[in-house]
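Okay, entry.txt is below, compact mmCIF, C-alpha atoms:
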# COMPACT_ATOMS: atom_id res chain seq x y z
CA MET A 25 0.00 0.00 0.00
CA ILE A 26 2.82 2.37 0.91
CA LYS A 27 4.62 1.28 -2.24
CA LEU A 28 1.56 2.17 -4.31
CA PHE A 29 1.24 5.56 -2.63
CA LEU A 30 4.93 6.24 -3.21
CA SER A 31 4.70 5.35 -6.90
CA LEU A 32 1.78 7.77 -7.34
CA LEU A 33 3.65 10.47 -5.44
CA LYS A 34 6.78 10.02 -7.56
CA ALA A 35 4.76 10.13 -10.78
CA PHE A 36 3.02 13.31 -9.60
CA ALA A 37 6.19 15.07 -8.49
CA VAL A 38 8.34 14.25 -11.52
CA GLY A 39 5.54 14.66 -14.09
CA GLY A 40 4.46 17.94 -12.53
CA THR A 41 8.00 19.29 -12.54
CA ILE A 42 8.48 18.41 -16.21
CA CYS A 43 5.22 20.23 -17.02
CA ALA A 44 6.10 23.25 -14.87
CA PHE A 45 9.37 23.58 -16.78
CA GLY A 46 7.34 23.62 -20.02
CA GLU A 47 5.18 26.40 -18.59
CA LEU A 48 8.34 28.32 -17.69
CA LEU A 49 9.32 28.10 -21.37
CA VAL A 50 5.84 29.32 -22.39
CA LEU A 51 5.96 32.31 -20.06
CA LYS A 52 9.61 33.27 -20.41
CA THR A 53 10.19 32.69 -24.11
CA LYS A 54 8.17 33.37 -27.24
CA LEU A 55 8.06 29.68 -28.15
CA THR A 56 4.70 28.41 -29.41
CA PRO A 57 3.25 25.27 -27.81
CA ALA A 58 3.93 23.33 -31.03
CA ARG A 59 7.63 24.22 -30.85
CA ILE A 60 7.75 23.25 -27.20
CA LEU A 61 6.16 19.88 -27.98
CA VAL A 62 8.71 19.20 -30.72
CA GLY A 63 11.47 20.44 -28.40
CA TYR A 64 10.30 18.08 -25.66
CA ILE A 65 10.34 15.06 -27.98
CA VAL A 66 13.83 15.87 -29.26
CA ALA A 67 15.02 16.59 -25.71
CA GLY A 68 13.64 13.19 -24.67
CA VAL A 69 15.50 11.53 -27.56
CA ILE A 70 18.78 13.20 -26.59
CA LEU A 71 18.42 12.62 -22.83
CA SER A 72 17.57 9.00 -23.48
CA ALA A 73 20.49 8.56 -25.90
CA VAL A 74 23.01 9.79 -23.33
CA GLY A 75 21.46 7.49 -20.74
CA LEU A 76 19.89 10.07 -18.44
CA TYR A 77 16.23 9.39 -19.12
CA GLY A 78 16.28 5.64 -18.47
CA PRO A 79 16.96 5.97 -14.72
CA LEU A 80 14.32 8.72 -14.45
CA ALA A 81 11.76 6.49 -16.18
CA GLN A 82 12.61 3.68 -13.82
CA PHE A 83 12.23 5.96 -10.82
CA ALA A 84 9.06 7.85 -11.75
CA GLU A 85 7.45 5.46 -14.28
CA ALA A 86 4.34 7.24 -15.63
CA GLY A 87 5.73 10.55 -14.31
CA ALA A 88 8.46 10.21 -16.93
CA THR A 89 6.67 8.26 -19.68
CA ILE A 90 3.43 10.27 -19.89
CA PRO A 91 5.11 13.65 -20.63
CA LEU A 92 6.21 13.94 -24.26
CA THR A 93 9.88 13.57 -23.33
CA GLY A 94 8.83 9.98 -22.55
CA PHE A 95 7.74 9.63 -26.17
CA GLY A 96 11.28 10.52 -27.27
CA HIS A 97 12.63 8.07 -24.71
CA ALA A 98 10.35 5.34 -26.10
CA LEU A 99 11.61 6.05 -29.64
CA VAL A 100 15.23 5.61 -28.55
CA THR A 101 14.70 2.51 -26.39
CA GLY A 102 12.81 0.97 -29.32
CA VAL A 103 15.63 1.76 -31.74
CA LYS A 104 18.30 0.38 -29.39
CA HIS A 105 16.30 -2.76 -28.75
CA ALA A 106 15.70 -3.35 -32.46
CA VAL A 107 19.37 -2.77 -33.33
CA GLN A 108 20.31 -5.45 -30.80
CA GLU A 109 17.68 -7.82 -32.22
CA ILE A 110 17.97 -7.45 -35.99
CA GLY A 111 21.07 -5.33 -36.54
CA PHE A 112 21.37 -2.14 -38.54
CA MET A 113 17.85 -2.17 -40.00
CA GLY A 114 16.60 -1.83 -36.45
CA VAL A 115 17.49 1.85 -36.78
CA PHE A 116 14.46 2.17 -39.04
CA THR A 117 12.04 -0.25 -37.41
CA GLY A 118 12.59 0.28 -33.68
CA GLY A 119 11.30 3.81 -33.10
CA LEU A 120 7.82 3.44 -34.46
CA THR A 121 7.50 -0.13 -33.16
CA SER A 122 7.84 0.96 -29.55
CA THR A 123 5.61 4.01 -29.99
CA SER A 124 3.04 2.36 -32.25
CA ALA A 125 0.39 1.97 -29.55
CA GLY A 126 0.44 5.65 -28.57
CA ILE A 127 0.34 6.85 -32.17
CA THR A 128 -2.33 4.35 -33.22
CA ALA A 129 -4.48 5.17 -30.19
CA ALA A 130 -4.17 8.90 -30.89
CA VAL A 131 -5.07 8.43 -34.57
CA PHE A 132 -7.99 6.10 -33.87
CA PHE A 133 -9.52 7.87 -30.88
CA GLY A 134 -8.81 11.22 -32.52
CA THR A 135 -10.70 10.21 -35.65
CA LEU A 136 -13.52 8.76 -33.59
CA ALA A 137 -13.84 11.94 -31.52
CA ALA A 138 -13.74 14.16 -34.61
CA MET A 139 -16.51 12.05 -36.17
CA CYS A 140 -18.71 11.98 -33.07
CA PHE A 141 -18.45 15.54 -31.75
CA LYS A 142 -19.23 18.91 -33.28
CA PRO A 143 -16.76 21.74 -32.67
CA ARG A 144 -17.83 24.39 -30.23
CA PRO A 145 -17.49 28.09 -30.92
CA LYS A 146 -14.31 29.41 -29.31
CA GLU A 147 -14.97 31.71 -26.40
CA MET B 1 -27.61 55.50 -21.85
CA PHE B 2 -24.98 53.09 -23.06
CA ASP B 3 -23.23 55.58 -25.28
CA LYS B 4 -19.58 54.58 -25.21
CA ASN B 5 -18.32 58.09 -25.85
CA SER B 6 -20.07 59.76 -22.95
CA LYS B 7 -17.81 60.17 -19.92
CA PRO B 8 -18.93 58.35 -16.79
CA SER B 9 -20.30 60.58 -14.07
CA PRO B 10 -17.83 61.45 -11.26
CA LYS B 11 -19.63 59.03 -8.98
CA ARG B 12 -19.42 56.25 -11.53
CA GLN B 13 -15.78 57.11 -12.17
CA ALA B 14 -14.99 56.78 -8.45
CA GLN B 15 -16.73 53.42 -8.50
CA LEU B 16 -14.62 52.29 -11.46
CA ASP B 17 -11.41 53.41 -9.72
CA ARG B 18 -12.34 51.51 -6.59
CA TYR B 19 -13.08 48.44 -8.69
CA LYS B 20 -9.71 48.70 -10.42
CA GLN B 21 -7.97 48.97 -7.05
CA LEU B 22 -9.82 45.88 -5.84
CA VAL B 23 -8.83 43.90 -8.94
CA ASP B 24 -5.20 44.96 -8.52
CA ARG B 25 -5.23 43.98 -4.88
CA ILE B 26 -6.70 40.48 -5.23
CA SER B 27 -4.96 39.48 -8.46
CA PRO B 28 -2.07 37.13 -7.83
CA LYS B 29 1.16 39.05 -7.37
CA SER B 30 3.10 37.05 -9.91
CA ALA B 31 1.64 35.61 -13.08
CA LEU B 32 4.75 33.45 -13.32
CA GLY B 33 4.27 31.78 -9.95
CA GLN B 34 0.60 31.16 -10.64
CA GLY B 35 1.26 29.73 -14.10
CA LEU B 36 3.98 27.43 -12.83
CA PHE B 37 1.82 26.21 -9.95
CA ARG B 38 -1.13 25.47 -12.23
CA ALA B 39 1.03 23.64 -14.77
CA TRP B 40 2.73 21.73 -11.98
CA TRP B 41 -0.37 20.40 -10.26
CA VAL B 42 -2.42 19.65 -13.37
CA GLY B 43 0.55 18.07 -15.17
CA GLY B 44 1.41 16.12 -12.05
CA PHE B 45 -2.20 15.01 -11.71
CA ILE B 46 -2.34 13.74 -15.30
CA CYS B 47 0.89 11.78 -14.77
CA MET B 48 -0.44 10.40 -11.50
CA LEU B 49 -3.59 9.31 -13.33
CA GLY B 50 -1.28 7.57 -15.80
CA GLN B 51 0.47 5.85 -12.90
CA ILE B 52 -2.90 4.68 -11.57
CA PHE B 53 -3.72 3.10 -14.95
CA LEU B 54 -0.22 1.60 -15.02
CA GLU B 55 -0.73 0.04 -11.58
CA ILE B 56 -4.14 -1.30 -12.66
CA GLY B 57 -2.54 -2.83 -15.75
CA ARG B 58 0.33 -4.33 -13.80
CA GLY B 59 -1.81 -5.56 -10.91
CA PRO B 60 -5.36 -6.73 -11.61
CA LEU B 61 -4.89 -7.03 -15.39
CA GLY B 62 -1.62 -8.96 -15.09
CA MET B 63 0.30 -7.08 -17.78
CA ILE B 64 4.10 -6.96 -18.05
CA ASN B 65 5.70 -3.57 -17.34
CA SER B 66 5.97 -2.37 -20.94
CA ALA B 67 2.38 -3.37 -21.74
CA ALA B 68 1.11 -1.65 -18.58
CA SER B 69 2.97 1.52 -19.54
CA THR B 70 1.41 1.37 -23.02
CA PHE B 71 -1.98 0.76 -21.44
CA ALA B 72 -1.55 3.89 -19.30
CA SER B 73 -0.67 6.09 -22.31
CA THR B 74 -3.58 4.66 -24.29
CA CYS B 75 -6.04 5.41 -21.48
CA ILE B 76 -4.82 9.01 -21.19
CA VAL B 77 -5.09 9.43 -24.97
CA PHE B 78 -8.63 8.04 -24.93
CA LEU B 79 -9.74 10.27 -22.05
CA THR B 80 -8.21 13.33 -23.73
CA ALA B 81 -9.93 12.61 -27.04
CA LEU B 82 -13.23 12.28 -25.18
CA LEU B 83 -12.73 15.44 -23.11
CA THR B 84 -11.63 17.38 -26.19
CA GLY B 85 -14.76 16.26 -28.01
CA LEU B 86 -16.90 17.36 -25.08
CA GLY B 87 -15.14 20.75 -25.02
CA VAL B 88 -13.80 20.23 -21.52
CA PHE B 89 -10.14 19.84 -22.41
CA ASP B 90 -9.93 23.36 -23.87
CA LYS B 91 -10.86 24.72 -20.46
CA ILE B 92 -8.25 22.56 -18.73
CA GLY B 93 -5.72 23.80 -21.28
CA GLN B 94 -6.62 27.44 -20.66
CA TYR B 95 -6.18 26.92 -16.94
CA ALA B 96 -3.06 24.76 -16.88
CA GLY B 97 -1.13 25.66 -20.04
CA ALA B 98 1.88 23.39 -20.32
CA GLY B 99 0.41 21.21 -17.56
CA ALA B 100 -2.17 20.05 -20.09
CA PHE B 101 -0.15 19.98 -23.30
CA VAL B 102 3.24 18.59 -22.19
CA PRO B 103 1.82 15.18 -21.16
CA ILE B 104 0.68 12.86 -23.94
CA SER B 105 -2.78 14.42 -23.45
CA GLY B 106 -1.41 17.43 -25.36
CA PHE B 107 -0.46 15.21 -28.27
CA ALA B 108 -3.95 13.70 -28.35
CA ASN B 109 -5.64 17.10 -28.00
CA ALA B 110 -3.48 18.54 -30.78
CA MET B 111 -4.83 15.82 -33.07
CA VAL B 112 -8.51 15.87 -32.13
CA SER B 113 -8.98 19.61 -31.94
CA PRO B 114 -8.04 20.59 -35.53
CA ALA B 115 -9.56 17.38 -36.92
CA MET B 116 -12.89 18.32 -35.34
CA GLU B 117 -12.70 21.88 -36.52
CA PHE B 118 -11.81 21.09 -40.12
CA ARG B 119 -14.15 18.14 -40.53
CA ARG B 120 -16.51 20.34 -42.52
CA GLU B 121 -13.77 20.62 -45.14
CA GLY B 122 -14.16 16.94 -45.81
CA LEU B 123 -13.29 13.61 -44.29
CA VAL B 124 -10.07 13.13 -46.26
CA LEU B 125 -8.19 16.42 -46.33
CA GLY B 126 -10.22 18.06 -43.59
CA LEU B 127 -10.38 15.48 -40.83
CA GLY B 128 -7.68 13.16 -42.13
CA GLY B 129 -5.19 15.86 -42.97
CA LYS B 130 -5.68 18.23 -40.06
CA LEU B 131 -5.36 15.36 -37.59
CA PHE B 132 -1.60 15.74 -38.15
CA THR B 133 -1.33 19.52 -37.98
CA ILE B 134 0.75 19.37 -34.80
CA ALA B 135 1.24 15.61 -34.47
CA GLY B 136 2.98 15.70 -37.88
CA PRO B 137 5.90 17.95 -36.86
CA VAL B 138 6.21 16.07 -33.58
CA LEU B 139 6.52 12.74 -35.40
CA VAL B 140 8.82 14.12 -38.10
CA TRP B 141 11.37 15.49 -35.64
CA GLY B 142 11.00 12.71 -33.09
CA VAL B 143 11.47 9.94 -35.63
CA SER B 144 14.30 11.74 -37.41
CA ALA B 145 16.17 12.36 -34.17
CA SER B 146 15.71 8.74 -33.11
CA VAL B 147 17.08 7.49 -36.44
CA ALA B 148 20.14 9.74 -36.04
CA VAL B 149 20.68 8.35 -32.53
CA GLY B 150 20.10 4.82 -33.82
CA ILE B 151 22.75 5.17 -36.54
CA ILE B 152 25.31 6.32 -33.97
CA TYR B 153 24.28 3.54 -31.60
CA ALA B 154 24.52 0.91 -34.35
CA LEU B 155 27.97 2.15 -35.39
CA ILE B 156 29.22 1.98 -31.80
CA THR B 157 27.78 -1.39 -30.86
CA LEU B 158 27.74 -3.48 -34.06
Just give me the structure as structure tokens.
Amino acid sequence: MIKLFLSLLKAFAVGGTICAFGELLVLKTKLTPARILVGYIVAGVILSAVGLYGPLAQFAEAGATIPLTGFGHALVTGVKHAVQEIGFMGVFTGGLTSTSAGITAAVFFGTLAAMCFKPRPKE
Amino acid sequence: MFDKNSKPSPKRQAQLDRYKQLVDRISPKSALGQGLFRAWWVGGFICMLGQIFLEIGRGPLGMINSAASTFASTCIVFLTALLTGLGVFDKIGQYAGAGAFVPISGFANAMVSPAMEFRREGLVLGLGGKLFTIAGPVLVWGVSASVAVGIIYALITL
């Protein structure tokens, strides 16, 4: 029970901090949200490649994998795994293999939502 | 009576001044602190929700770690698509800023929102195309960066 509580607390603290840093970028720079999203993915790829993101993901679990840096981390772990399994061609198969569920879910549920709901006038 | 050009009476003007003073007094002192706090707690909450789904996947549903993690992301994506469709997610986004769009919920929202809006331009180029307005750049740069890293990794290890 304490272990469960701790895992939720860690996810909250780490995930919240990653998001707060994004907000700092929004407020202190002129970066658009789209640029910050792309920046977060690429930052996740780089942090994962140099071996910093793996330990964080192990520590905070969803707190590190739910933010978009975790998406970059998943791309890199997929590529590394595939290179070990099938050699050089893994460079091209690994990234999307490990992220396929997230992308497919976003495409499918996104399409479903866009079919089912009507847009509301912006306030 | 509602003529915009007419100056407010002195009494009304005094009222307006008092109102402005009140607004100044009770507004948060620092927009930065408030923004960071909102992003922190909403972003943290979304990640914690992800962790709850992860624990459900790992525990009662008997998934291995990687599957449970995927399950958590998928649930957050589904909930975001639903809340975006219902118009609720926009409000969360306005309140929390990066707290709502840095987690994978932002990725899902960035797909649903334009797809919904441009559906009237057709199902193929409207819905189908606009779905990737923001997800497209994210995938392009994420995948490209991962391939670059992969090439270096392959050269080092193979």
**Item:** Distance filter 7 Å, only C-alpha atoms, chain B against chain A, as a PyMOL selection string
**Value:** chain B and resi 32+35-36+39-41+43-45+47-48+50-51+70+73-74+77-78+81-82+85+87+97-99+102-104+108+111-112+115-117+134+137-138+141-143+145-147+149-151+154
**Request:** Take atom CA of Ala31 of chain B and atom CA of Leu83 of chain B and report the distance between them in Å, one decimal.
**Result:** 26.7 Å
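Summary of the local environment: counting all atoms listed in the file, residues at most 7 Å from Leu54 of chain B, other than itself and those fewer than 3 positions away along its chain, are B:Gly50, B:Gln51, B:Gly57, B:Arg58, B:Ala68, B:Ser69, B:Phe71, B:Ala72.
Distance-wise, atom CA of Asn109 of chain B and atom CA of Leu86 of chain B end up 11.6 Å apart.
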Once 4 Å is added on each side, what are the centre and the three edge lengths, in Å to one decimal, of the axis-aligned box enclosing the listed atoms of segment 60-68 of chain B? Present them as lines of an AutoDock Vina configuration file.
center_x = 0.3
center_y = -5.3
center_z = -16.7
size_x = 19.3
size_y = 15.3
size_z = 18.1
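With atom CA of Ile76 of chain B on one side and atom CA of Arg120 of chain B on the other, the separation reads 26.8 Å.
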**Prompt:** Counting all atoms listed in the file, what is within 7 Å of Ala110 of chain B, bar same-chain residues fewer than 3 positions away, as a PyMOL selection string?
**Reply:** chain B and resi 106-107+113-114+134-135
May I ask you to restore N, CA and C atoms in segment 49-66 of chain B and write the result as a short mmCIF file (atom, residue, chain, number, x, y, z; two decimals), in the frame of the given file?
data_model
loop_
_atom_site.label_atom_id
_atom_site.label_comp_id
_atom_site.auth_asym_id
_atom_site.auth_seq_id
_atom_site.Cartn_x
_atom_site.Cartn_y
_atom_site.Cartn_z
N LEU B 49 -2.50 10.10 -12.74
CA LEU B 49 -3.59 9.31 -13.33
C LEU B 49 -3.01 8.21 -14.20
N GLY B 50 -1.97 8.56 -14.99
CA GLY B 50 -1.28 7.57 -15.80
C GLY B 50 -0.71 6.45 -14.94
N GLN B 51 -0.12 6.85 -13.81
CA GLN B 51 0.47 5.85 -12.90
C GLN B 51 -0.62 4.94 -12.33
N ILE B 52 -1.79 5.51 -12.07
CA ILE B 52 -2.90 4.68 -11.57
C ILE B 52 -3.28 3.63 -12.62
N PHE B 53 -3.40 4.06 -13.88
CA PHE B 53 -3.72 3.10 -14.95
C PHE B 53 -2.61 2.06 -15.08
N LEU B 54 -1.35 2.52 -14.92
CA LEU B 54 -0.22 1.60 -15.02
C LEU B 54 -0.29 0.54 -13.92
N GLU B 55 -0.63 0.99 -12.70
CA GLU B 55 -0.73 0.04 -11.58
C GLU B 55 -1.89 -0.93 -11.80
N ILE B 56 -3.00 -0.42 -12.37
CA ILE B 56 -4.14 -1.30 -12.66
C ILE B 56 -3.73 -2.34 -13.69
N GLY B 57 -2.99 -1.90 -14.72
CA GLY B 57 -2.54 -2.83 -15.75
C GLY B 57 -1.60 -3.88 -15.20
N ARG B 58 -0.69 -3.43 -14.34
CA ARG B 58 0.33 -4.33 -13.80
C ARG B 58 -0.26 -5.27 -12.75
N GLY B 59 -1.22 -4.75 -11.98
CA GLY B 59 -1.81 -5.56 -10.91
C GLY B 59 -2.94 -6.43 -11.39
N PRO B 60 -4.18 -5.91 -11.30
CA PRO B 60 -5.36 -6.73 -11.61
C PRO B 60 -5.35 -7.30 -13.03
N LEU B 61 -4.81 -6.55 -14.01
CA LEU B 61 -4.89 -7.03 -15.39
C LEU B 61 -3.71 -7.92 -15.77
N GLY B 62 -2.72 -8.02 -14.88
CA GLY B 62 -1.62 -8.96 -15.09
C GLY B 62 -0.75 -8.68 -16.30
N MET B 63 -0.54 -7.39 -16.62
CA MET B 63 0.30 -7.08 -17.78
C MET B 63 1.77 -6.99 -17.35
N ILE B 64 2.69 -7.22 -18.33
CA ILE B 64 4.10 -6.96 -18.05
C ILE B 64 4.31 -5.44 -18.06
N ASN B 65 5.44 -5.00 -17.51
CA ASN B 65 5.70 -3.57 -17.34
C ASN B 65 5.48 -2.73 -18.60
N SER B 66 6.05 -3.18 -19.73
CA SER B 66 5.97 -2.37 -20.94
C SER B 66 4.53 -2.29 -21.43
#
